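Asker: Coordinates in coords_13.cif, mmCIF, C-alpha atoms and all ligand atoms, are listed below.
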data_start
loop_
_atom_site.label_atom_id
_atom_site.label_comp_id
_atom_site.auth_asym_id
_atom_site.auth_seq_id
_atom_site.Cartn_x
_atom_site.Cartn_y
_atom_site.Cartn_z
CA MET A 694 18.95 22.11 3.81
CA SER A 695 17.01 22.97 6.95
CA ARG A 696 17.07 20.94 10.13
CA PRO A 697 15.04 17.72 9.77
CA THR A 698 11.74 17.60 11.65
CA GLY A 699 9.27 14.84 12.45
CA ILE A 700 9.37 11.87 10.10
CA GLU A 701 12.26 13.48 8.24
CA LYS A 702 14.48 12.44 11.11
CA LEU A 703 13.68 8.80 10.39
CA LEU A 704 14.27 9.27 6.70
CA HIS A 705 17.57 11.05 6.90
CA HIS A 706 19.97 9.52 4.35
CA LYS A 707 17.30 7.07 3.26
CA GLU A 708 16.86 6.52 -0.44
CA VAL A 709 14.02 4.01 -0.32
CA VAL A 710 11.00 4.29 1.97
CA ILE A 711 8.50 1.44 1.95
CA CYS A 712 5.06 2.08 3.40
CA ALA A 713 3.54 -1.21 4.49
CA GLY A 714 0.38 -2.01 6.39
CA SER A 715 -2.91 -3.83 6.03
CA GLY A 716 -5.61 -2.69 3.62
CA GLY A 717 -7.33 0.66 4.06
CA VAL A 718 -5.13 2.07 6.81
CA GLY A 719 -3.68 4.86 4.68
CA LYS A 720 -0.57 3.46 2.99
CA THR A 721 -1.22 5.23 -0.30
CA THR A 722 -2.02 8.47 1.48
CA ALA A 723 1.06 8.26 3.70
CA ALA A 724 3.39 7.39 0.82
CA ALA A 725 2.18 10.37 -1.20
CA ALA A 726 2.30 12.73 1.78
CA ILE A 727 5.84 11.64 2.66
CA ALA A 728 7.09 12.14 -0.89
CA ALA A 729 5.33 15.51 -1.15
CA GLY A 730 6.75 16.62 2.20
CA LEU A 731 10.27 15.61 1.23
CA ALA A 732 9.93 17.41 -2.09
CA ALA A 733 8.79 20.54 -0.27
CA ARG A 734 11.95 20.19 1.82
CA GLY A 735 14.22 20.26 -1.16
CA ARG A 736 14.54 16.66 -2.24
CA THR A 737 13.80 15.08 -5.57
CA ALA A 738 11.21 12.56 -4.49
CA ALA A 739 9.17 9.99 -6.37
CA VAL A 740 6.16 8.15 -5.02
CA LEU A 741 5.33 4.80 -6.58
CA THR A 742 1.68 4.25 -5.87
CA ILE A 743 -0.33 1.11 -6.31
CA ASP A 744 -4.02 1.84 -6.01
CA PRO A 745 -4.62 5.56 -5.54
CA ALA A 746 -8.22 6.69 -5.40
CA ARG A 747 -9.09 8.24 -8.74
CA ARG A 748 -9.19 11.75 -7.34
CA LEU A 749 -5.81 11.42 -5.69
CA ALA A 750 -4.37 9.98 -8.91
CA SER A 751 -5.65 12.94 -10.86
CA ALA A 752 -4.38 15.36 -8.22
CA LEU A 753 -0.96 13.81 -8.76
CA GLY A 754 -1.44 14.10 -12.50
CA LEU A 755 -1.43 10.37 -13.03
CA PRO A 756 -3.14 8.84 -16.04
CA GLU A 757 -5.41 5.84 -15.69
CA LEU A 758 -2.84 3.32 -16.73
CA ALA A 759 0.46 2.37 -15.24
CA GLY A 760 3.35 3.90 -17.04
CA GLU A 761 6.20 6.16 -16.27
CA GLU A 762 6.94 8.78 -13.67
CA ARG A 763 5.23 12.14 -14.03
CA ARG A 764 6.35 15.33 -12.41
CA VAL A 765 3.70 17.11 -10.37
CA PRO A 766 3.71 20.71 -11.66
CA PRO A 767 5.50 22.99 -9.16
CA GLU A 768 2.73 25.60 -9.36
CA ARG A 769 0.18 23.04 -8.20
CA LEU A 770 2.38 22.13 -5.26
CA GLU A 771 2.86 25.81 -4.51
CA ALA A 772 -0.90 26.39 -4.50
CA ALA A 773 -1.37 23.57 -1.98
CA GLY A 774 1.29 24.93 0.36
CA LEU A 775 3.80 22.30 -0.75
CA GLY A 776 6.08 24.54 -2.74
CA GLY A 777 9.81 24.20 -2.30
CA SER A 778 13.08 23.70 -4.05
CA GLY A 779 12.61 19.95 -4.57
CA GLU A 780 10.64 17.96 -7.11
CA LEU A 781 7.68 15.63 -6.67
CA TRP A 782 7.29 12.82 -9.14
CA ALA A 783 4.60 10.18 -9.11
CA MET A 784 4.16 6.91 -10.85
CA MET A 785 1.40 4.37 -10.86
CA LEU A 786 2.59 0.81 -10.62
CA ASP A 787 0.69 -1.89 -12.44
CA ALA A 788 -2.95 -1.35 -11.68
CA LYS A 789 -4.35 -4.25 -9.70
CA ARG A 790 -5.80 -6.34 -12.40
CA THR A 791 -6.09 -9.88 -11.25
CA PHE A 792 -7.47 -12.81 -13.10
CA ASP A 793 -10.15 -13.06 -10.45
CA GLU A 794 -11.60 -9.79 -11.62
CA LEU A 795 -11.53 -11.07 -15.14
CA VAL A 796 -13.39 -14.21 -14.21
CA GLU A 797 -15.85 -12.32 -12.07
CA THR A 798 -16.77 -9.95 -14.85
CA HIS A 799 -17.01 -12.53 -17.55
CA ALA A 800 -18.36 -15.64 -15.91
CA ALA A 801 -21.82 -16.54 -17.20
CA ASP A 802 -23.20 -17.19 -13.71
CA GLU A 803 -22.16 -17.65 -10.12
CA GLN A 804 -21.80 -21.39 -10.38
CA THR A 805 -19.40 -21.15 -13.28
CA ARG A 806 -17.51 -18.38 -11.58
CA ASP A 807 -17.04 -20.45 -8.43
CA ALA A 808 -16.01 -23.48 -10.45
CA VAL A 809 -13.33 -21.51 -12.25
CA LEU A 810 -12.10 -19.83 -9.09
CA ALA A 811 -11.82 -23.23 -7.40
CA ASN A 812 -9.94 -24.81 -10.30
CA PRO A 813 -6.46 -25.82 -9.08
CA ILE A 814 -4.62 -24.82 -12.23
CA TYR A 815 -6.37 -21.50 -12.15
CA ARG A 816 -5.54 -21.01 -8.49
CA GLU A 817 -1.87 -21.67 -8.93
CA LEU A 818 -1.75 -19.32 -11.84
CA SER A 819 -3.65 -16.49 -10.25
CA ASN A 820 -1.46 -16.66 -7.16
CA ALA A 821 1.56 -16.35 -9.34
CA VAL A 822 -0.02 -13.49 -11.24
CA ALA A 823 -0.88 -11.64 -8.04
CA GLY A 824 2.63 -12.30 -6.75
CA SER A 825 4.08 -11.09 -9.99
CA GLN A 826 2.42 -7.69 -9.67
CA GLU A 827 4.00 -7.25 -6.29
CA TYR A 828 7.27 -8.48 -7.62
CA MET A 829 7.08 -6.06 -10.57
CA ALA A 830 6.64 -3.22 -8.12
CA MET A 831 9.85 -4.12 -6.38
CA GLU A 832 11.64 -4.73 -9.63
CA LYS A 833 10.65 -1.23 -10.75
CA LEU A 834 11.83 0.17 -7.46
CA HIS A 835 15.18 -1.49 -7.94
CA GLN A 836 15.47 -0.19 -11.48
CA LEU A 837 14.69 3.41 -10.50
CA HIS A 838 17.09 3.21 -7.59
CA GLN A 839 19.76 1.94 -9.95
CA GLU A 840 19.14 4.83 -12.36
CA GLY A 841 19.73 7.24 -9.49
CA ARG A 842 17.60 10.12 -10.76
CA TYR A 843 15.80 10.59 -7.44
CA ASP A 844 17.08 11.38 -3.99
CA VAL A 845 14.34 9.28 -2.50
CA LEU A 846 11.78 6.72 -3.69
CA VAL A 847 8.67 6.18 -1.62
CA LEU A 848 6.92 2.89 -2.31
CA ASP A 849 3.28 2.26 -1.60
CA THR A 850 2.48 -1.44 -1.19
CA PRO A 851 -0.46 -3.50 -2.41
CA PRO A 852 -3.52 -4.03 -0.26
CA THR A 853 -2.63 -7.33 1.37
CA ARG A 854 -4.32 -8.97 4.29
CA ASN A 855 -1.03 -9.06 6.06
CA ALA A 856 1.38 -6.15 6.10
CA LEU A 857 4.27 -8.21 4.83
CA ASP A 858 2.68 -10.64 2.38
CA PHE A 859 4.20 -8.75 -0.47
CA LEU A 860 7.69 -9.57 0.73
CA ASP A 861 7.09 -13.18 -0.17
CA ALA A 862 6.24 -12.27 -3.74
CA PRO A 863 9.72 -12.77 -5.20
CA ARG A 864 10.02 -16.15 -3.54
CA ARG A 865 6.53 -17.23 -4.45
CA LEU A 866 7.18 -16.23 -8.00
CA ALA A 867 10.55 -17.99 -8.05
CA ARG A 868 8.90 -21.19 -6.87
CA PHE A 869 6.35 -20.89 -9.60
CA VAL A 870 8.92 -20.15 -12.28
CA ASP A 871 10.61 -23.40 -11.38
CA SER A 872 7.43 -25.37 -11.41
CA ARG A 873 6.34 -27.53 -14.29
CA SER A 874 3.17 -25.60 -14.93
CA LEU A 875 5.08 -22.55 -16.03
CA ALA A 876 7.11 -24.50 -18.56
CA PHE A 877 3.83 -25.83 -19.84
CA PHE A 878 2.26 -22.43 -20.29
CA ARG A 879 5.34 -20.78 -21.65
CA GLY A 880 5.46 -23.54 -24.18
CA SER A 881 1.92 -22.83 -25.16
CA GLY A 882 2.55 -19.11 -25.34
CA ARG A 883 5.55 -19.44 -27.58
CA ALA A 884 4.51 -22.16 -29.91
CA GLY A 885 0.82 -21.50 -30.11
CA LEU A 886 -2.03 -23.56 -28.88
CA GLY A 887 -1.12 -26.59 -30.94
CA LEU A 888 1.31 -27.92 -28.38
CA VAL A 889 -1.14 -28.01 -25.54
CA GLY A 890 -2.25 -31.51 -24.72
CA ARG A 891 -5.59 -32.41 -26.16
CA GLY A 892 -7.35 -32.98 -22.87
CA THR A 893 -6.22 -29.64 -21.53
CA GLY A 894 -7.09 -27.88 -24.74
CA LEU A 895 -10.57 -29.28 -24.42
CA LEU A 896 -10.82 -28.19 -20.79
CA PHE A 897 -9.91 -24.65 -21.75
CA SER A 898 -12.25 -24.53 -24.68
CA VAL A 899 -15.13 -25.75 -22.52
CA MET A 900 -14.19 -23.13 -19.96
CA LYS A 901 -14.10 -20.51 -22.64
CA ARG A 902 -17.51 -21.46 -23.92
CA ALA A 903 -18.96 -21.60 -20.43
CA THR A 904 -17.36 -18.45 -19.08
CA GLY A 905 -16.46 -16.34 -22.05
CA VAL A 906 -12.96 -16.12 -20.65
CA ASP A 907 -10.28 -17.19 -23.05
CA LEU A 908 -8.03 -18.26 -20.25
CA LEU A 909 -5.56 -20.06 -22.41
CA GLN A 910 -5.02 -17.14 -24.71
CA ASP A 911 -4.66 -14.73 -21.78
CA LEU A 912 -2.25 -17.02 -20.03
CA GLY A 913 -0.35 -17.64 -23.19
CA SER A 914 0.27 -13.98 -23.79
CA PHE A 915 0.96 -13.27 -20.16
CA PHE A 916 3.62 -15.94 -19.98
CA HIS A 917 4.96 -15.06 -23.35
CA ALA A 918 5.65 -11.55 -22.08
CA PHE A 919 6.77 -13.01 -18.82
CA GLY A 920 9.07 -15.54 -20.40
CA ASP A 921 12.09 -13.32 -20.95
CA MET A 922 11.84 -11.90 -17.48
CA ALA A 923 11.96 -15.38 -16.03
CA GLU A 924 15.50 -15.79 -17.33
CA GLY A 925 17.95 -14.63 -14.72
CA PHE A 926 15.03 -14.23 -12.41
CA GLY A 927 16.75 -15.65 -9.36
CA GLU A 928 19.62 -13.22 -9.73
CA ARG A 929 17.35 -10.19 -9.93
CA ALA A 930 15.19 -11.41 -7.07
CA ARG A 931 18.36 -11.50 -4.98
CA ARG A 932 19.32 -7.98 -5.97
CA VAL A 933 15.86 -6.71 -5.08
CA GLU A 934 16.12 -8.47 -1.74
CA SER A 935 19.45 -6.91 -1.02
CA LEU A 936 18.08 -3.44 -1.82
CA LEU A 937 15.29 -4.07 0.68
CA ALA A 938 17.83 -4.98 3.33
CA ASP A 939 20.16 -2.07 2.54
CA SER A 940 20.82 0.55 5.19
CA ARG A 941 19.58 3.18 2.73
CA THR A 942 16.14 1.54 2.85
CA THR A 943 13.58 1.86 5.61
CA PHE A 944 10.20 0.26 6.25
CA VAL A 945 7.45 2.35 7.75
CA LEU A 946 4.40 0.58 9.14
CA VAL A 947 1.16 2.43 8.62
CA SER A 948 -1.50 1.32 11.03
CA SER A 949 -4.83 2.25 12.49
CA PRO A 950 -5.24 3.01 16.19
CA ARG A 951 -7.41 -0.10 16.71
CA ALA A 952 -6.37 -2.71 19.25
CA ALA A 953 -5.64 -5.27 16.52
CA ALA A 954 -3.07 -2.86 15.13
CA ILE A 955 -0.86 -3.47 18.13
CA GLU A 956 -0.63 -7.16 17.35
CA GLU A 957 0.04 -6.30 13.77
CA ALA A 958 2.81 -3.87 14.65
CA LYS A 959 4.48 -6.47 16.82
CA PHE A 960 4.21 -9.10 14.11
CA PHE A 961 5.54 -6.68 11.50
CA HIS A 962 8.47 -5.72 13.66
CA ARG A 963 9.35 -9.33 14.42
CA LYS A 964 9.06 -10.39 10.81
CA LEU A 965 11.31 -7.56 9.63
CA GLU A 966 13.84 -8.55 12.23
CA GLU A 967 13.74 -12.17 11.12
CA GLU A 968 14.27 -11.11 7.54
CA GLY A 969 17.04 -8.70 8.46
CA LEU A 970 15.10 -5.71 7.12
CA PRO A 971 15.32 -2.16 8.50
CA PHE A 972 12.33 -0.94 10.52
CA GLY A 973 12.01 2.85 10.58
CA GLY A 974 8.91 3.44 12.68
CA MET A 975 5.14 3.55 12.68
CA ILE A 976 2.55 5.96 11.44
CA VAL A 977 -0.65 5.61 13.42
CA ASN A 978 -3.21 7.10 11.10
CA ARG A 979 -6.76 8.36 11.58
CA VAL A 980 -6.51 8.73 15.33
CA ARG A 981 -9.66 10.34 16.69
CA GLU A 982 -8.84 13.28 18.85
CA PRO A 983 -10.67 14.16 22.04
CA ILE A 984 -13.27 16.89 21.72
CA ARG A 985 -12.55 19.84 23.91
CA ALA A 986 -15.95 20.32 25.43
CA ALA A 987 -17.57 20.19 28.82
CA THR A 988 -18.81 16.88 30.19
CA GLY A 989 -21.86 15.54 32.02
CA GLU A 990 -24.32 18.05 33.40
CA ARG A 991 -22.22 21.03 32.37
CA LEU A 992 -22.37 19.91 28.76
CA ASP A 993 -26.13 19.29 29.03
CA SER A 994 -26.77 22.73 30.41
CA GLU A 995 -24.47 24.44 27.91
CA LEU A 996 -26.19 22.67 25.03
CA GLY A 997 -29.60 23.27 26.60
CA GLY A 998 -28.92 26.97 26.46
CA LEU A 999 -28.15 26.78 22.74
CA LEU A 1000 -30.45 24.18 21.24
CA GLU A 1001 -33.94 22.88 21.60
CA PRO A 1002 -34.05 19.92 24.05
CA ARG A 1003 -34.22 17.00 21.60
CA LEU A 1004 -31.39 18.29 19.46
CA ALA A 1005 -29.37 19.11 22.56
CA ARG A 1006 -29.71 15.51 23.75
CA ARG A 1007 -28.65 14.17 20.38
CA VAL A 1008 -25.60 16.42 20.23
CA ALA A 1009 -24.67 15.42 23.78
CA ARG A 1010 -24.86 11.75 22.80
CA THR A 1011 -22.68 12.29 19.72
CA VAL A 1012 -20.13 14.17 21.78
CA SER A 1013 -19.91 11.40 24.32
CA GLU A 1014 -19.69 8.67 21.66
CA HIS A 1015 -16.87 10.50 19.98
CA ARG A 1016 -15.18 11.01 23.29
CA ALA A 1017 -15.35 7.26 24.01
CA LEU A 1018 -13.77 6.50 20.63
CA ALA A 1019 -11.05 9.05 21.18
CA GLU A 1020 -10.31 7.56 24.58
CA ARG A 1021 -10.15 4.09 23.06
CA ASP A 1022 -7.66 5.30 20.44
CA GLU A 1023 -5.59 6.95 23.12
CA ARG A 1024 -5.43 3.74 25.15
CA SER A 1025 -4.38 1.62 22.15
CA LEU A 1026 -1.77 4.20 21.28
CA ALA A 1027 -0.37 4.14 24.79
CA GLN A 1028 -0.23 0.35 24.64
CA LEU A 1029 1.47 0.44 21.28
CA ARG A 1030 4.14 2.77 22.64
CA GLN A 1031 4.60 0.54 25.65
CA ARG A 1032 5.00 -2.62 23.56
CA LEU A 1033 7.50 -1.12 21.14
CA PRO A 1034 9.06 1.58 23.29
CA ARG A 1035 12.10 2.25 21.17
CA LYS A 1036 10.22 2.54 17.91
CA PRO A 1037 8.93 5.96 16.94
CA ALA A 1038 5.18 6.20 16.38
CA ILE A 1039 3.90 9.26 14.57
CA VAL A 1040 0.25 10.12 15.04
CA VAL A 1041 -1.90 11.49 12.23
CA PRO A 1042 -5.40 12.43 13.33
CA GLU A 1043 -8.60 11.58 11.53
CA LEU A 1044 -9.08 14.55 9.23
CA PRO A 1045 -12.52 15.98 8.57
CA GLY A 1046 -12.68 14.75 4.96
CA ASP A 1047 -11.07 12.18 2.68
CA VAL A 1048 -7.54 12.93 1.61
CA HIS A 1049 -7.81 13.11 -2.13
CA ASP A 1050 -5.89 16.17 -3.25
CA LEU A 1051 -2.61 17.98 -2.72
CA ALA A 1052 -4.08 20.15 0.02
CA GLY A 1053 -5.08 16.95 1.84
CA LEU A 1054 -1.56 15.59 1.48
CA GLU A 1055 -0.26 18.85 2.88
CA ALA A 1056 -2.57 18.48 5.88
CA VAL A 1057 -1.37 14.92 6.52
CA GLY A 1058 2.23 16.05 5.98
CA ARG A 1059 1.87 18.76 8.57
CA HIS A 1060 1.43 16.02 11.18
CA LEU A 1061 4.08 13.70 9.75
CA PHE A 1062 6.70 16.42 9.62
CA ALA A 1063 5.71 18.27 12.79
CA ASP A 1064 8.64 18.95 15.04
CA ALA A 1065 6.91 17.23 17.95
CA ALA A 1066 5.82 14.25 15.84
CA ILE A 1067 8.44 11.95 17.30
CA ARG A 1068 8.30 11.47 21.02
CA ARG A 1069 10.96 9.25 22.43
N1 LIG A 1101 -5.78 10.91 8.32
C1 LIG A 1101 -6.85 10.70 7.54
N2 LIG A 1101 -8.01 11.34 7.77
C2 LIG A 1101 -9.10 11.12 7.01
N3 LIG A 1101 -9.13 10.27 5.96
C3 LIG A 1101 -8.00 9.59 5.66
C4 LIG A 1101 -6.80 9.77 6.43
N4 LIG A 1101 -5.85 8.97 5.91
C5 LIG A 1101 -6.42 8.32 4.87
N5 LIG A 1101 -7.71 8.69 4.72
C6 LIG A 1101 -8.67 8.16 3.72
O1 LIG A 1101 -8.81 6.77 3.97
C7 LIG A 1101 -9.00 6.05 2.75
C8 LIG A 1101 -7.98 4.94 2.65
O2 LIG A 1101 -6.68 5.50 2.53
P1 LIG A 1101 -5.59 4.85 1.58
O3 LIG A 1101 -4.37 5.68 1.70
O4 LIG A 1101 -6.13 4.65 0.21
O5 LIG A 1101 -5.38 3.45 2.30
P2 LIG A 1101 -4.56 2.17 1.83
O6 LIG A 1101 -3.64 2.60 0.72
O7 LIG A 1101 -3.81 1.70 3.03
O8 LIG A 1101 -5.57 1.16 1.38
C9 LIG A 1101 -8.89 7.09 1.64
O9 LIG A 1101 -10.20 7.43 1.25
C10 LIG A 1101 -8.20 8.27 2.30
O10 LIG A 1101 -8.60 9.50 1.72
MG MG A 1102 -3.52 1.86 -1.16
#
Just give me the structure as structure tokens.

Answerer:
Amino acid sequence: MSRPTGIEKLLHHKEVVICAGSGGVGKTTAAAAIAAGLAARGRTAAVLTIDPARRLASALGLPELAGEERRVPPERLEAAGLGGSGELWAMMLDAKRTFDELVETHAADEQTRDAVLANPIYRELSNAVAGSQEYMAMEKLHQLHQEGRYDVLVLDTPPTRNALDFLDAPRRLARFVDSRSLAFFRGSGRAGLGLVGRGTGLLFSVMKRATGVDLLQDLGSFFHAFGDMAEGFGERARRVESLLADSRTTFVLVSSPRAAAIEEAKFFHRKLEEEGLPFGGMIVNRVREPIRAATGERLDSELGGLLEPRLARRVARTVSEHRALAERDERSLAQLRQRLPRKPAIVVPELPGDVHDLAGLEAVGRHLFADAAIRR
């Protein structure tokens, strides 16, 4: 194996890499680019993605529905400049399919929709359902790690408001499993609708008529399937937690170069420390790079020589706007490095287009794995 470069240094001897961060910062992109880069460097890597854009999913050869791991054909990797002696596998974790979406699509009107969404039973359930998806992701991670077929598993995390919300999923779910409402619904799932109290049955049937959503039936089958998993749940939740805390695991925070990201990085770091979880470093994604062009009057006269005056003025304005943004990113980045001086921060610039294919992952990977990526 060649000498590790860039992010590879952080991932040396790591078997589980968890990409966390708030929504839209590039977690899915980073997770896929890390796995692809490690595969190109000789490792058998699997990326477990949560919500890949359709084009990225198809570039990875993933079907619409969650399922099992698929190997990305070596010739496709080769064509994108990601060829190597390793293997890239990808798997889609449970597609985000919350009950909210169900209600939103099926509710007869806005009033009904809001009434259902505000219903306390519904709220408790949908929280548990959302938590369970996150929990399932970690359960799957644990299972694959146990099977030992991959050198490294890279986990994408769900789009949460807060970078670490998903860590609470096992606990949230455990609380719910112990609560009375679950016993109630599991009862109804197993024994049919007959056991449900009359008043509740009526509530659900009114809701069904009003909204078209057969909540009870959906819940019944969900908890029926869920029922067996709930046994021994505490034990498995503990094993998942200990995998997360293992020295073979590392958390990577993906963040934007905005000022708020600094607060987030600090919070993330502190929270990991509190939980005794290993923090690997940060990826600061979509950093706007300074334009190498003249400034002020020089720029005006250079553009004036090339373009007609109105266009020249517009281009000059765009250049200076971009320059201001790039300077802002540079300042936040400097602050970030100052606040967490001992934590590596790898910069990935804003690329000219969306990253939705293997060539895009290769482009992102070039920055992640660049020899100079980690400045200490
Ligand atoms: N460095 C980058 N340059 C340009 N576009 C990017 C970059 N990183 C990510 N993107 C794009 O940003 C969008 C969000 O990225 P994604 O990885 O899906 O974020 P997340 O998983 O955190 O929600 C996608 O359309 C992706 O193609
Ligand atoms: Mg994502």

Asker: Contacts between ligand MG 1102 (chain A) and chain A, please, where a residue of chain A counts if it comes within 6 Å (with all atoms listed in the file); show its shortest atom pair and distance in Å to one decimal, rows by chain and ascending number, as CSV.

Answerer:
residue,atom,partner,partner_atom,distance
A:Lys720,CA,A:MG1102,MG,5.3
A:Thr721,CA,A:MG1102,MG,4.2
A:Asp744,CA,A:MG1102,MG,4.9
A:Pro745,CA,A:MG1102,MG,5.8
A:Pro852,CA,A:MG1102,MG,6.0

Asker: For Gln1028 of chain A, which residue among A:Arg951, A:Arg764, A:Arg931, A:Arg736 is the nearest when counting all atoms listed in the file?

Answerer: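 Among the listed residues, A:Arg951 lies closest to Gln1028 of chain A.
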
Asker: Give the residues close to ligand LIG 1101 (chain A), within 7 Å, counting only C-alpha atoms and all ligand atoms; write them as a VMD selection string.

Answerer: chain A and resid 714 to 723 744 to 746 852 978 to 979 1041 to 1049 1057

Asker: Quick check, in Å to one decimal: how far apart do atom CA of Ala953 of chain A and atom CA of Leu1026 of chain A lie?

Answerer: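 About the pair atom CA of Ala953 of chain A and atom CA of Leu1026 of chain A: they are 11.3 Å apart.
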
Asker: Go through A:Arg985, A:Arg932, A:Lys959, A:Arg1059 and flag the residue nearest Val1040 of chain A, using all atoms listed in the file for the distances.

Answerer: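 Residue with the minimum atom-to-atom distance to Val1040 of chain A: A:Arg1059.
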
Asker: What is the atom CA of Leu731 of chain A to atom CA of Ile955 of chain A distance in Å?

Answerer: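 Computing the Euclidean distance for atom CA of Leu731 of chain A and atom CA of Ile955 of chain A yields 27.8 Å.
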
Asker: Provide the atom CA of Ala738 of chain A to atom CA of Val977 of chain A distance in Å, to one decimal place.

Answerer: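 Between these atoms lies a distance of 22.6 Å.
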
Asker: Neighbours of Pro1037 of chain A within 9 Å (only C-alpha atoms; same-chain residues fewer than 3 positions away dropped), as a ChimeraX atom specification?

Answerer: /A:703,973-976,1030,1033-1034,1066-1069

Asker: Skipping near chain neighbours, those fewer than 3 positions away, what residues fall within 9 Å of Pro766 of chain A using only C-alpha atoms, listed as a ChimeraX atom specification?

Answerer: /A:753-754,769-771,780-781

Asker: Determine the nearest neighbour of Glu1020 of chain A from the options A:Asp1064, A:Glu982, A:Glu968, A:Asp939, counting all atoms listed in the file.

Answerer: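 Among the listed residues, A:Glu982 lies closest to Glu1020 of chain A.
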
Asker: Quick one: of A:Gly969, A:Leu1061, A:Leu749, A:Phe960, who's nearest to Ser940 of chain A, counting only C-alpha atoms?

Answerer: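 The answer is A:Gly969, which sits nearest to Ser940 of chain A.
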
Asker: Which residues are close to Leu970 of chain A, i.e. within 8 Å by only C-alpha atoms, leaving aside same-chain residues fewer than 4 positions away? Reply as number ranges by chain.

Answerer: A: 937-939, 943-944, 965-966

Asker: Restricting the calculation to only C-alpha atoms: of A:Glu803, A:Glu967, A:Glu1001, A:Glu708, which residue gets closest to Thr737 of chain A?

Answerer: A:Glu708

Asker: Could you name the residues that touch Asp1022 of chain A at 9 Å or less, counting all atoms listed in the file, but leaving out those on the same chain fewer than 3 positions away, as a ChimeraX atom specification?

Answerer: /A:949-952,980-982,1017-1019,1025-1027

Asker: So which residues touch Leu834 of chain A within 9 Å, counting all atoms listed in the file, skipping near sequence neighbours fewer than 4 positions away, as a CSV table (one decimal) with C-alpha atoms, keeping the file's coordinate frame?

Answerer:
chain,number,residue,atom,x,y,z
A,709,VAL,CA,14.0,4.0,-0.3
A,741,LEU,CA,5.3,4.8,-6.6
A,829,MET,CA,7.1,-6.1,-10.6
A,830,ALA,CA,6.6,-3.2,-8.1
A,838,HIS,CA,17.1,3.2,-7.6
A,839,GLN,CA,19.8,1.9,-10.0
A,846,LEU,CA,11.8,6.7,-3.7
A,847,VAL,CA,8.7,6.2,-1.6
A,848,LEU,CA,6.9,2.9,-2.3
A,933,VAL,CA,15.9,-6.7,-5.1

Asker: Would you please work out which residue, of A:Val765, A:Leu999, A:Ile984, A:Leu775, is nearest to Glu1014 of chain A when using all atoms listed in the file?

Answerer: A:Ile984
